[in-house]
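final_26.csv (CSV, C-alpha atoms) appears below.
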chain,number,residue,atom,x,y,z
Q,1,MET,CA,12.3,-61.3,-4.9
Q,2,ILE,CA,10.6,-58.5,-3.0
Q,3,GLN,CA,10.7,-58.9,0.8
Q,4,LEU,CA,9.2,-56.7,3.5
Q,5,ASP,CA,10.2,-57.5,7.1
Q,6,ASN,CA,8.2,-56.0,9.9
Q,7,VAL,CA,7.6,-52.8,8.0
Q,8,SER,CA,5.8,-49.9,9.6
Q,9,LYS,CA,5.1,-46.5,8.0
Q,10,ARG,CA,3.8,-43.5,9.8
Q,11,TYR,CA,2.8,-40.2,8.2
Q,12,LEU,CA,3.0,-37.8,11.1
Q,13,THR,CA,0.5,-39.3,13.5
Q,14,LYS,CA,-1.3,-41.6,11.1
Q,15,LYS,CA,-0.1,-45.2,10.9
Q,16,ALA,CA,-0.3,-46.2,7.2
Q,17,LEU,CA,1.3,-49.6,7.6
Q,18,LYS,CA,1.6,-51.7,10.8
Q,19,ASN,CA,4.3,-54.4,11.0
Q,20,VAL,CA,3.9,-55.7,7.6
Q,21,SER,CA,5.9,-58.8,6.5
Q,22,LEU,CA,5.5,-60.2,3.0
Q,23,GLN,CA,7.3,-61.9,0.2
Q,24,ILE,CA,6.7,-61.6,-3.5
Q,25,GLU,CA,8.1,-64.4,-5.6
Q,26,PRO,CA,9.4,-63.6,-9.1
Q,27,GLY,CA,7.5,-64.5,-12.3
Q,28,HIS,CA,4.1,-63.8,-10.8
Q,29,ILE,CA,1.4,-61.2,-11.3
Q,30,VAL,CA,0.4,-60.1,-7.8
Q,31,GLY,CA,-2.7,-58.0,-6.9
Q,32,LEU,CA,-2.5,-55.8,-3.9
Q,33,ILE,CA,-6.2,-55.4,-2.9
Q,34,GLY,CA,-8.0,-53.6,-0.1
Q,35,SER,CA,-10.3,-50.7,0.5
Q,36,ASN,CA,-9.3,-47.0,0.0
Q,37,GLY,CA,-6.8,-45.9,2.6
Q,38,SER,CA,-5.8,-49.4,3.5
Q,39,GLY,CA,-2.1,-48.9,2.7
Q,40,LYS,CA,-1.8,-50.3,-0.9
Q,41,SER,CA,-0.1,-47.2,-2.4
Q,42,THR,CA,2.1,-46.8,0.6
Q,43,THR,CA,3.3,-50.4,0.1
Q,44,LEU,CA,4.1,-49.8,-3.5
Q,45,LYS,CA,6.0,-46.6,-2.8
Q,46,LEU,CA,8.0,-48.4,-0.1
Q,47,ILE,CA,9.0,-51.1,-2.5
Q,48,SER,CA,9.9,-48.6,-5.2
Q,49,GLY,CA,12.1,-46.7,-2.7
Q,50,LEU,CA,10.1,-43.5,-3.1
Q,51,ILE,CA,9.4,-43.4,0.6
Q,52,ARG,CA,11.3,-45.0,3.5
Q,53,PRO,CA,9.9,-47.2,6.2
Q,54,THR,CA,9.6,-45.8,9.7
Q,55,LYS,CA,10.5,-49.2,11.0
Q,56,GLY,CA,11.6,-52.5,9.4
Q,57,THR,CA,13.3,-53.3,6.0
Q,58,VAL,CA,12.3,-53.5,2.4
Q,59,LEU,CA,14.6,-55.7,0.3
Q,60,ILE,CA,14.7,-56.0,-3.5
Q,61,ASP,CA,16.7,-59.0,-4.5
Q,62,GLY,CA,18.5,-58.8,-1.2
Q,63,THR,CA,19.4,-55.1,-1.3
Q,64,MET,CA,17.7,-52.3,0.6
Q,65,ALA,CA,15.1,-50.4,-1.4
Q,66,ASP,CA,16.2,-46.8,-1.9
Q,67,ARG,CA,16.2,-44.1,-4.6
Q,68,ARG,CA,18.4,-46.4,-6.8
Q,69,ALA,CA,15.8,-49.1,-6.7
Q,70,CYS,CA,14.3,-47.4,-9.8
Q,71,ARG,CA,16.9,-49.2,-11.9
Q,72,LYS,CA,15.2,-52.5,-11.2
Q,73,ILE,CA,11.7,-51.2,-10.8
Q,74,ALA,CA,9.3,-49.5,-13.2
Q,75,TYR,CA,6.7,-47.7,-11.2
Q,76,LEU,CA,3.4,-46.4,-12.5
Q,77,SER,CA,2.0,-43.7,-10.3
Q,78,GLU,CA,-1.7,-43.3,-9.8
Q,79,LEU,CA,-1.1,-39.6,-10.6
Q,80,ASP,CA,-0.3,-38.2,-14.0
Q,81,ALA,CA,3.5,-38.0,-14.0
Q,82,TYR,CA,4.7,-36.5,-17.2
Q,83,TYR,CA,5.1,-33.1,-18.8
Q,84,SER,CA,1.9,-31.9,-20.3
Q,85,PHE,CA,3.6,-29.8,-23.0
Q,86,PHE,CA,5.3,-32.9,-24.4
Q,87,THR,CA,3.8,-34.8,-27.3
Q,88,VAL,CA,3.3,-38.6,-27.1
Q,89,LYS,CA,6.6,-39.1,-29.0
Q,90,GLN,CA,8.5,-36.6,-26.8
Q,91,THR,CA,7.3,-38.4,-23.7
Q,92,VAL,CA,8.6,-41.7,-25.1
Q,93,ASP,CA,11.9,-40.0,-26.0
Q,94,PHE,CA,12.2,-38.7,-22.5
Q,95,TYR,CA,11.7,-42.1,-20.9
Q,96,GLU,CA,14.1,-43.6,-23.4
Q,97,GLN,CA,16.8,-41.2,-22.3
Q,98,THR,CA,16.0,-41.6,-18.6
Q,99,PHE,CA,16.0,-45.4,-18.3
Q,100,HIS,CA,18.7,-47.7,-19.7
Q,101,ASP,CA,16.3,-50.6,-19.9
Q,102,PHE,CA,13.8,-48.8,-22.1
Q,103,ASN,CA,12.9,-50.8,-25.2
Q,104,ARG,CA,12.0,-48.4,-28.0
Q,105,GLU,CA,10.8,-51.0,-30.3
Q,106,LYS,CA,8.4,-52.3,-27.7
Q,107,ALA,CA,7.2,-48.8,-27.1
Q,108,GLU,CA,6.5,-48.2,-30.7
Q,109,GLU,CA,4.6,-51.5,-31.0
Q,110,MET,CA,2.6,-50.6,-27.9
Q,111,ILE,CA,1.7,-47.1,-29.2
Q,112,ASP,CA,0.2,-48.7,-32.3
Q,113,PHE,CA,-1.5,-51.4,-30.2
Q,114,MET,CA,-3.0,-48.7,-28.0
Q,115,LYS,CA,-3.8,-46.5,-31.0
Q,116,LEU,CA,-2.1,-43.4,-29.7
Q,117,ASP,CA,-1.3,-40.4,-32.0
Q,118,ARG,CA,2.5,-39.8,-31.7
Q,119,ASP,CA,2.1,-36.0,-32.4
Q,120,GLN,CA,-0.6,-35.2,-30.0
Q,121,LYS,CA,0.3,-33.2,-26.9
Q,122,VAL,CA,-0.1,-34.9,-23.6
Q,123,LYS,CA,-2.3,-32.1,-22.3
Q,124,ASN,CA,-4.7,-32.6,-25.1
Q,125,LEU,CA,-5.1,-36.4,-24.6
Q,126,SER,CA,-8.3,-37.8,-23.2
Q,127,LYS,CA,-8.0,-39.4,-19.7
Q,128,GLY,CA,-8.2,-42.8,-21.3
Q,129,ASN,CA,-5.3,-42.1,-23.7
Q,130,ARG,CA,-3.3,-40.6,-20.8
Q,131,GLY,CA,-3.9,-43.9,-19.0
Q,132,ARG,CA,-2.7,-45.8,-22.1
Q,133,LEU,CA,0.4,-43.7,-22.5
Q,134,LYS,CA,1.3,-44.3,-18.8
Q,135,ILE,CA,1.1,-48.1,-19.5
Q,136,VAL,CA,3.2,-47.7,-22.7
Q,137,VAL,CA,6.1,-46.0,-21.0
Q,138,THR,CA,6.0,-48.3,-17.9
Q,139,LEU,CA,5.8,-51.6,-19.8
Q,140,SER,CA,8.4,-50.6,-22.3
Q,141,ARG,CA,11.0,-50.8,-19.6
Q,142,GLU,CA,12.5,-54.2,-19.3
Q,143,ALA,CA,12.7,-53.9,-15.6
Q,144,PRO,CA,12.5,-57.0,-13.5
Q,145,PHE,CA,9.8,-55.5,-11.3
Q,146,ILE,CA,6.8,-53.6,-12.5
Q,147,LEU,CA,4.7,-51.8,-9.9
Q,148,MET,CA,1.4,-50.3,-11.0
Q,149,ASP,CA,-0.8,-48.2,-8.8
Q,150,GLU,CA,-4.4,-48.3,-10.0
Q,151,PRO,CA,-3.7,-48.7,-13.7
Q,152,LEU,CA,-7.4,-49.1,-14.5
Q,153,SER,CA,-9.1,-46.6,-12.2
Q,154,GLY,CA,-11.4,-44.1,-13.7
Q,155,LEU,CA,-11.2,-45.5,-17.2
Q,156,ASP,CA,-14.0,-46.8,-19.4
Q,157,PRO,CA,-14.4,-50.6,-20.1
Q,158,MET,CA,-12.8,-50.4,-23.6
Q,159,VAL,CA,-9.7,-48.7,-22.3
Q,160,ARG,CA,-9.5,-51.1,-19.3
Q,161,GLN,CA,-9.9,-54.0,-21.8
Q,162,SER,CA,-7.0,-52.7,-24.0
Q,163,ILE,CA,-4.8,-52.2,-20.9
Q,164,VAL,CA,-5.5,-55.7,-19.7
Q,165,LYS,CA,-4.7,-57.1,-23.2
Q,166,GLY,CA,-1.6,-54.9,-23.4
Q,167,LEU,CA,-0.4,-56.2,-20.1
Q,168,ILE,CA,-0.7,-59.8,-21.1
Q,169,SER,CA,0.9,-59.2,-24.5
Q,170,PHE,CA,3.8,-57.1,-23.4
Q,171,ILE,CA,5.1,-58.5,-20.2
Q,172,ASP,CA,7.5,-61.4,-20.0
Q,173,LEU,CA,6.8,-63.4,-16.9
Q,174,GLU,CA,10.0,-65.4,-17.3
Q,175,LYS,CA,11.9,-62.2,-16.5
Q,176,GLN,CA,9.4,-59.9,-14.9
Q,177,THR,CA,7.2,-59.7,-11.8
Q,178,ILE,CA,4.2,-57.5,-11.7
Q,179,VAL,CA,2.6,-56.0,-8.6
Q,180,LEU,CA,-0.5,-53.9,-9.1
Q,181,THR,CA,-3.2,-52.4,-7.0
Q,182,THR,CA,-6.8,-52.2,-8.1
Q,183,HIS,CA,-10.4,-52.1,-7.3
Q,184,GLU,CA,-11.5,-53.5,-10.6
Q,185,LEU,CA,-11.3,-57.0,-9.2
Q,186,GLN,CA,-13.6,-58.8,-11.7
Q,187,GLU,CA,-11.6,-57.6,-14.6
Q,188,ILE,CA,-8.2,-58.2,-13.2
Q,189,GLU,CA,-9.0,-61.5,-11.5
Q,190,PRO,CA,-8.1,-63.8,-14.5
Q,191,LEU,CA,-4.7,-62.0,-14.7
Q,192,LEU,CA,-3.6,-62.6,-11.1
Q,193,ASP,CA,-1.5,-65.4,-9.7
Q,194,THR,CA,-1.6,-64.2,-6.2
Q,195,VAL,CA,-3.5,-61.7,-4.1
Q,196,ILE,CA,-2.4,-59.9,-1.0
Q,197,LEU,CA,-5.3,-58.5,1.0
Q,198,ILE,CA,-4.6,-55.5,3.1
Q,199,LYS,CA,-6.8,-53.7,5.6
Q,200,ASP,CA,-6.0,-50.7,7.9
Q,201,GLY,CA,-2.3,-51.1,7.2
Q,202,GLU,CA,-2.2,-54.8,8.0
Q,203,ILE,CA,-1.9,-57.8,5.8
Q,204,LEU,CA,-5.0,-60.0,6.2
Q,205,ASP,CA,-4.0,-62.8,3.9
Q,206,GLN,CA,-1.8,-63.7,0.9
Q,207,ARG,CA,-3.3,-66.4,-1.3
Q,208,ARG,CA,-3.2,-67.9,-4.8
Q,209,VAL,CA,-6.3,-66.9,-6.7
Q,210,GLU,CA,-6.9,-70.4,-8.0
Q,211,ASP,CA,-6.8,-71.8,-4.5
Q,212,ILE,CA,-9.5,-69.3,-3.4
Q,213,ARG,CA,-11.6,-70.6,-6.3
Q,214,SER,CA,-10.9,-74.3,-5.7
Q,215,LYS,CA,-10.8,-74.5,-1.9
Q,216,GLU,CA,-13.3,-71.9,-0.9
Q,217,ASN,CA,-15.5,-71.9,-4.1
Q,218,LEU,CA,-15.4,-68.1,-4.0
Q,219,SER,CA,-14.7,-65.4,-6.5
Q,220,LEU,CA,-12.1,-62.9,-5.5
Q,221,VAL,CA,-14.7,-60.2,-4.7
Q,222,ASP,CA,-16.7,-62.6,-2.5
Q,223,TRP,CA,-13.6,-63.7,-0.7
Q,224,MET,CA,-12.4,-60.2,-0.1
Q,225,VAL,CA,-15.8,-59.2,1.4
Q,226,LYS,CA,-15.9,-62.3,3.6
Q,227,LYS,CA,-12.4,-61.6,4.9
Q,228,TYR,CA,-13.1,-58.0,5.5
Q,229,GLU,CA,-16.2,-58.8,7.5
Q,230,SER,CA,-14.6,-61.4,9.6
Q,231,PHE,CA,-11.8,-59.0,10.6
Q,232,CYS,CA,-14.1,-56.3,11.9
W,1,MET,CA,-12.0,-61.8,-27.3
W,2,ALA,CA,-12.0,-62.0,-23.5
W,3,GLU,CA,-14.1,-64.9,-22.4
W,4,THR,CA,-16.1,-64.9,-19.2
W,5,PHE,CA,-15.3,-67.5,-16.5
W,6,ASN,CA,-17.3,-69.0,-13.8
W,7,PRO,CA,-16.0,-67.2,-10.7
W,8,SER,CA,-15.9,-70.1,-8.3
W,9,THR,CA,-13.9,-72.8,-10.2
W,10,PRO,CA,-10.3,-72.5,-11.1
W,11,ILE,CA,-9.7,-70.9,-14.5
W,12,TYR,CA,-7.2,-73.5,-15.6
W,13,LEU,CA,-9.8,-76.2,-15.2
W,14,GLN,CA,-12.3,-74.2,-17.2
W,15,LEU,CA,-9.8,-73.6,-19.9
W,16,CYS,CA,-9.1,-77.4,-19.9
W,17,GLU,CA,-12.7,-78.1,-20.5
W,18,ARG,CA,-13.0,-75.6,-23.3
W,19,ILE,CA,-10.1,-77.0,-25.1
W,20,LYS,CA,-11.3,-80.6,-24.7
W,21,ASN,CA,-14.7,-79.6,-26.0
W,22,ARG,CA,-13.1,-77.9,-29.0
W,23,ILE,CA,-11.1,-81.0,-29.8
W,24,ILE,CA,-14.1,-83.3,-29.5
W,25,ARG,CA,-16.1,-80.9,-31.7
W,26,GLY,CA,-13.4,-81.1,-34.3
W,27,GLU,CA,-12.6,-77.4,-34.1
W,28,ILE,CA,-9.0,-78.4,-33.3
W,29,GLY,CA,-8.1,-81.5,-35.3
W,30,ILE,CA,-6.1,-84.5,-34.3
W,31,GLY,CA,-2.4,-83.8,-34.4
W,32,GLU,CA,-3.0,-80.1,-34.8
W,33,ARG,CA,-1.0,-77.4,-33.0
W,34,LEU,CA,-2.6,-75.5,-30.2
W,35,PRO,CA,-2.2,-71.7,-29.9
W,36,SER,CA,1.0,-70.6,-28.2
W,37,VAL,CA,0.7,-69.9,-24.4
W,38,ARG,CA,1.0,-66.2,-25.0
W,39,ASP,CA,-1.6,-66.1,-27.8
W,40,LEU,CA,-4.2,-68.1,-25.8
W,41,ALA,CA,-3.5,-65.9,-22.8
W,42,ILE,CA,-4.2,-62.8,-24.8
W,43,ASP,CA,-7.2,-64.3,-26.5
W,44,SER,CA,-8.9,-65.3,-23.3
W,45,GLY,CA,-7.6,-62.5,-21.1
W,46,VAL,CA,-5.9,-64.6,-18.6
W,47,ASN,CA,-2.5,-64.9,-17.0
W,48,PRO,CA,0.1,-66.8,-19.2
W,49,ASN,CA,1.0,-68.9,-16.1
W,50,THR,CA,-2.6,-70.1,-16.0
W,51,VAL,CA,-2.5,-71.2,-19.7
W,52,GLN,CA,0.8,-73.0,-18.9
W,53,ARG,CA,-0.9,-74.9,-16.2
W,54,THR,CA,-3.8,-75.7,-18.5
W,55,TYR,CA,-1.4,-77.2,-21.0
W,56,ARG,CA,0.4,-79.1,-18.4
W,57,GLU,CA,-2.8,-80.6,-17.1
W,58,LEU,CA,-3.9,-81.6,-20.7
W,59,GLU,CA,-0.5,-83.1,-21.2
W,60,GLU,CA,-0.8,-85.2,-18.1
W,61,MET,CA,-4.1,-86.5,-19.3
W,62,GLY,CA,-2.4,-87.4,-22.5
W,63,ILE,CA,-4.6,-85.2,-24.6
W,64,VAL,CA,-1.8,-83.0,-25.9
W,65,GLU,CA,1.9,-83.4,-26.4
W,66,LYS,CA,4.6,-80.9,-26.0
W,67,ARG,CA,7.2,-80.9,-28.7
W,68,ARG,CA,10.4,-79.2,-27.7
W,69,GLY,CA,10.8,-75.9,-29.3
W,70,GLN,CA,7.7,-76.4,-31.5
W,71,GLY,CA,4.7,-76.0,-29.3
W,72,THR,CA,1.9,-78.0,-28.0
W,73,TYR,CA,0.0,-80.5,-30.3
W,74,VAL,CA,-3.2,-82.5,-29.9
W,75,THR,CA,-2.3,-86.1,-29.6
W,76,GLU,CA,-2.7,-88.5,-32.5
W,77,ASN,CA,-3.6,-91.3,-30.2
W,78,THR,CA,-7.3,-91.9,-31.0
W,79,THR,CA,-7.8,-94.2,-28.1
W,80,ILE,CA,-7.2,-91.3,-25.7
W,81,LEU,CA,-9.5,-89.0,-27.7
W,82,ASP,CA,-12.2,-91.6,-27.8
W,83,ARG,CA,-12.0,-92.0,-24.1
W,84,VAL,CA,-12.2,-88.2,-23.6
W,85,ARG,CA,-15.3,-88.2,-25.9
W,86,ASP,CA,-16.9,-90.9,-23.7
W,87,GLU,CA,-16.1,-89.1,-20.6
W,88,LEU,CA,-17.7,-85.9,-21.9
W,89,LYS,CA,-20.8,-87.9,-22.8
W,90,GLU,CA,-21.0,-89.5,-19.4
W,91,ALA,CA,-20.5,-86.1,-17.7
W,92,HIS,CA,-23.4,-84.6,-19.6
W,93,ILE,CA,-25.7,-87.5,-19.0
W,94,LYS,CA,-24.8,-87.5,-15.3
W,95,ALA,CA,-25.7,-83.8,-15.0
W,96,PHE,CA,-28.9,-84.4,-16.8
W,97,VAL,CA,-30.0,-87.3,-14.7
W,98,HIS,CA,-28.9,-85.6,-11.5
W,99,GLU,CA,-31.0,-82.5,-12.3
W,100,MET,CA,-34.1,-84.6,-13.4
W,101,ARG,CA,-33.8,-86.6,-10.1
W,102,GLU,CA,-33.6,-83.4,-8.1
W,103,MET,CA,-36.9,-82.3,-9.7
W,104,GLY,CA,-38.5,-85.6,-8.9
W,105,TYR,CA,-38.7,-87.3,-12.3
W,106,SER,CA,-38.6,-91.1,-12.4
W,107,VAL,CA,-36.3,-93.1,-14.7
W,108,SER,CA,-39.1,-94.1,-17.0
W,109,GLU,CA,-40.3,-90.5,-17.2
W,110,MET,CA,-36.8,-89.4,-18.2
W,111,LEU,CA,-36.5,-92.2,-20.9
W,112,ASP,CA,-40.0,-91.4,-22.2
W,113,GLY,CA,-39.2,-87.7,-22.3
W,114,LEU,CA,-36.0,-88.3,-24.1
W,115,ASN,CA,-37.5,-90.6,-26.7
W,116,GLN,CA,-40.4,-88.2,-27.3
W,117,TYR,CA,-38.0,-85.3,-27.7
W,118,LEU,CA,-35.8,-87.2,-30.2
W,119,GLU,CA,-38.8,-88.4,-32.0
W,120,ASN,CA,-40.0,-84.8,-32.4
W,121,ILE,CA,-36.7,-83.7,-33.8
W,122,ARG,CA,-36.6,-86.6,-36.3
W,123,ARG,CA,-40.1,-85.8,-37.5
W,124,GLU,CA,-39.3,-82.1,-37.8
W,125,ARG,CA,-36.3,-82.9,-39.9
W,126,ASP,CA,-38.3,-85.2,-42.1
W,127,GLU,CA,-40.9,-82.6,-42.9
What is this structure when it is put down as structure tokens?
Amino acid sequence: MIQLDNVSKRYLTKKALKNVSLQIEPGHIVGLIGSNGSGKSTTLKLISGLIRPTKGTVLIDGTMADRRACRKIAYLSELDAYYSFFTVKQTVDFYEQTFHDFNREKAEEMIDFMKLDRDQKVKNLSKGNRGRLKIVVTLSREAPFILMDEPLSGLDPMVRQSIVKGLISFIDLEKQTIVLTTHELQEIEPLLDTVILIKDGEILDQRRVEDIRSKENLSLVDWMVKKYESFC
Amino acid sequence: MAETFNPSTPIYLQLCERIKNRIIRGEIGIGERLPSVRDLAIDSGVNPNTVQRTYRELEEMGIVEKRRGQGTYVTENTTILDRVRDELKEAHIKAFVHEMREMGYSVSEMLDGLNQYLENIRRERDE
């Protein structure tokens, strides 16, 4: 379980998160949603131990999140994070050597599913294929927690579709928990169990998506807009 | 391929309806095995937990049966399936009548219209 207790994060003078407390139960796909600059990426980085809270605690299965949290957490950055002179195959090799929980068989399967060319250099890949490769190396890890920062942003509908399908096909919700941030709500909505809505560094609400539909008769987008407006 | 869902009702209920319709239409036969949770999730582009909930719901209604280690099967109990069929008919008639009422049609107008329509179809088929 992921647990944040009264977590604040300040970058110099800017407050990115203000007293955030939340719990993420295992076996769920959780969407962290909110406008640009609301604190989504900061939250993911705190959970993955890449940055430390200014105040409060972040616990992963009861232990403090720090650099070593990467053993339990596969983190997909919104930035391109690999060596551009590697080929697709070398990138996968590199990840296999770096992470003990890397499942090579799964990676090979996903490369075929995503129709990637193993011998192509990363720097020559299209943006869509770089996005796919990122998904391949992240989901090939059998980590209990998978955090994905904007896995769909800036990609065309076909690529987004293949990533969504890849996600459903290659995760194991009996053993894994997924937290992702996105603006592509309509596409990702059928995938989510729970959403956490964040605005200006504060959690506005945490709800089950099906509850929003059945109790409020709203789609996720409408619900988010309504919540944002009422908290002005 | 990914299906589209009505955004304001729960997806698991919509999936339930779709599966029921496919059973009634005979696309999935009596006693036949439903797709695995994962396959249906991938096919419809939804969370596997949602499909699980759909199957649980259908199981509670007695429409499907889970067999340990084998998967989920459509029931062979025709009484239940007949009931589902009746319910579906009733739901469609109810929606039709409700809409016609909203627009101000009387009961006799509805019946006349329906008879007329069915008569036309019959004649067209005969020709």
Could you list the residues in chain Q lying within 7 Å of chain W, using only C-alpha atoms, and format the result as number ranges by chain? Q: 165, 168-169, 190-192, 210, 213-214, 217-219
Go through Q:Ala16, Q:Val137, Q:Val164, Q:Pro151 and flag the residue nearest Asn36 in chain Q, using all atoms listed in the file for the distances.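 Among Q:Ala16, Q:Val137, Q:Val164, Q:Pro151, it is Q:Ala16 that comes nearest to Asn36 in chain Q.
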Gap from CA of Glu25 in chain Q to CA of Thr63 in chain Q - Å, one decimal: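 According to the coordinates, CA of Glu25 in chain Q and CA of Thr63 in chain Q are separated by 15.3 Å.
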Which residues, written as a JSON list (two decimals) with C-alpha atoms, keeping the file's coordinate frame, have at least one atom at most 7 Å from range 109-119 of chain Q, with all atoms listed in the file counted and residues fewer than 2 positions away on the same chain left out?
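File out.json, as written:
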[["chain", "number", "residue", "atom", "x", "y", "z"],
["Q", 87, "THR", "CA", 3.80, -34.80, -27.30],
["Q", 88, "VAL", "CA", 3.30, -38.60, -27.10],
["Q", 89, "LYS", "CA", 6.60, -39.10, -29.00],
["Q", 105, "GLU", "CA", 10.80, -51.00, -30.30],
["Q", 106, "LYS", "CA", 8.40, -52.30, -27.70],
["Q", 107, "ALA", "CA", 7.20, -48.80, -27.10],
["Q", 121, "LYS", "CA", 0.30, -33.20, -26.90],
["Q", 129, "ASN", "CA", -5.30, -42.10, -23.70],
["Q", 132, "ARG", "CA", -2.70, -45.80, -22.10],
["Q", 136, "VAL", "CA", 3.20, -47.70, -22.70],
["Q", 162, "SER", "CA", -7.00, -52.70, -24.00]]
Two-atom distance - CA of Met64 in chain Q, CA of Asp149 in chain Q (Å):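 Straight-line distance from CA of Met64 in chain Q to CA of Asp149 in chain Q works out to 21.2 Å.
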Please provide the set of residues having any atom within 10 Å of Gly49 in chain Q, restricted to all atoms listed in the file, with same-chain residues fewer than 2 positions apart removed, written as a list in words.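 Contacts, with the query itself left out: Thr43, Leu44, Lys45, Leu46, Ile47, Ile51, Arg52, Pro53, Val58, Leu59, Ile60, Met64, Ala65, Asp66, Arg67, Arg68, Ala69, Cys70 and Ile73 of chain Q.
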Interatomic distance between CA of Glu78 in chain Q and CA of Thr91 in chain Q? 17.3 Å
One residue among W:Lys89, W:Cys16, W:Leu34, W:Gln70 is nearest to Arg53 in chain W when using all atoms listed in the file, and that residue is W:Cys16
Need the shell around Thr194 in chain Q: protein/DNA/RNA residues with any atom at most 9 Å away, counting all atoms listed in the file. Skip same-chain ones fewer than 4 positions apart. Format as a PyMOL selection string? chain Q and resi 28-32+206-210
Which residues are close to Leu81 in chain W, i.e. within 10 Å by all atoms listed in the file, leaving aside same-chain residues fewer than 3 positions away? Reply as an MDAnalysis selection string. chainID W and resid 20 23:24 30 62:64 74:78 84:87
Written file, previous selection with C-alpha atoms, as a tab-separated table (two decimals), keeping the file's coordinate frame:
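The file below, part_30.tsv, is the result:
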chain	number	residue	atom	x	y	z
W	20	LYS	CA	-11.30	-80.60	-24.70
W	23	ILE	CA	-11.10	-81.00	-29.80
W	24	ILE	CA	-14.10	-83.30	-29.50
W	30	ILE	CA	-6.10	-84.50	-34.30
W	62	GLY	CA	-2.40	-87.40	-22.50
W	63	ILE	CA	-4.60	-85.20	-24.60
W	64	VAL	CA	-1.80	-83.00	-25.90
W	74	VAL	CA	-3.20	-82.50	-29.90
W	75	THR	CA	-2.30	-86.10	-29.60
W	76	GLU	CA	-2.70	-88.50	-32.50
W	77	ASN	CA	-3.60	-91.30	-30.20
W	78	THR	CA	-7.30	-91.90	-31.00
W	84	VAL	CA	-12.20	-88.20	-23.60
W	85	ARG	CA	-15.30	-88.20	-25.90
W	86	ASP	CA	-16.90	-90.90	-23.70
W	87	GLU	CA	-16.10	-89.10	-20.60
Would you output range 24-45 of chain Q from that structure, restricted to C-alpha atoms, as a PDB file, in the first residue's frame?
ATOM      1  CA  ILE Q  24      -3.632   3.829  -2.474  1.00  0.00           C
ATOM      2  CA  GLU Q  25      -4.885   0.275  -2.047  1.00  0.00           C
ATOM      3  CA  PRO Q  26      -3.147  -2.568  -3.875  1.00  0.00           C
ATOM      4  CA  GLY Q  27      -4.628  -4.178  -6.968  1.00  0.00           C
ATOM      5  CA  HIS Q  28      -6.110  -1.012  -8.382  1.00  0.00           C
ATOM      6  CA  ILE Q  29      -5.500   1.213 -11.342  1.00  0.00           C
ATOM      7  CA  VAL Q  30      -5.489   4.737  -9.991  1.00  0.00           C
ATOM      8  CA  GLY Q  31      -5.615   7.922 -12.027  1.00  0.00           C
ATOM      9  CA  LEU Q  32      -4.046  11.059 -10.634  1.00  0.00           C
ATOM     10  CA  ILE Q  33      -5.797  13.869 -12.426  1.00  0.00           C
ATOM     11  CA  GLY Q  34      -5.665  17.637 -12.334  1.00  0.00           C
ATOM     12  CA  SER Q  35      -4.620  20.628 -14.398  1.00  0.00           C
ATOM     13  CA  ASN Q  36      -1.049  21.407 -15.398  1.00  0.00           C
ATOM     14  CA  GLY Q  37       1.065  22.426 -12.426  1.00  0.00           C
ATOM     15  CA  SER Q  38      -1.382  20.988  -9.898  1.00  0.00           C
ATOM     16  CA  GLY Q  39       1.198  18.652  -8.329  1.00  0.00           C
ATOM     17  CA  LYS Q  40       0.631  15.332 -10.119  1.00  0.00           C
ATOM     18  CA  SER Q  41       4.229  14.705 -11.152  1.00  0.00           C
ATOM     19  CA  THR Q  42       5.524  15.866  -7.775  1.00  0.00           C
ATOM     20  CA  THR Q  43       3.285  13.290  -6.106  1.00  0.00           C
ATOM     21  CA  LEU Q  44       4.582  10.487  -8.309  1.00  0.00           C
ATOM     22  CA  LYS Q  45       8.194  11.510  -7.749  1.00  0.00           C
TER      23      LYS Q  45
END
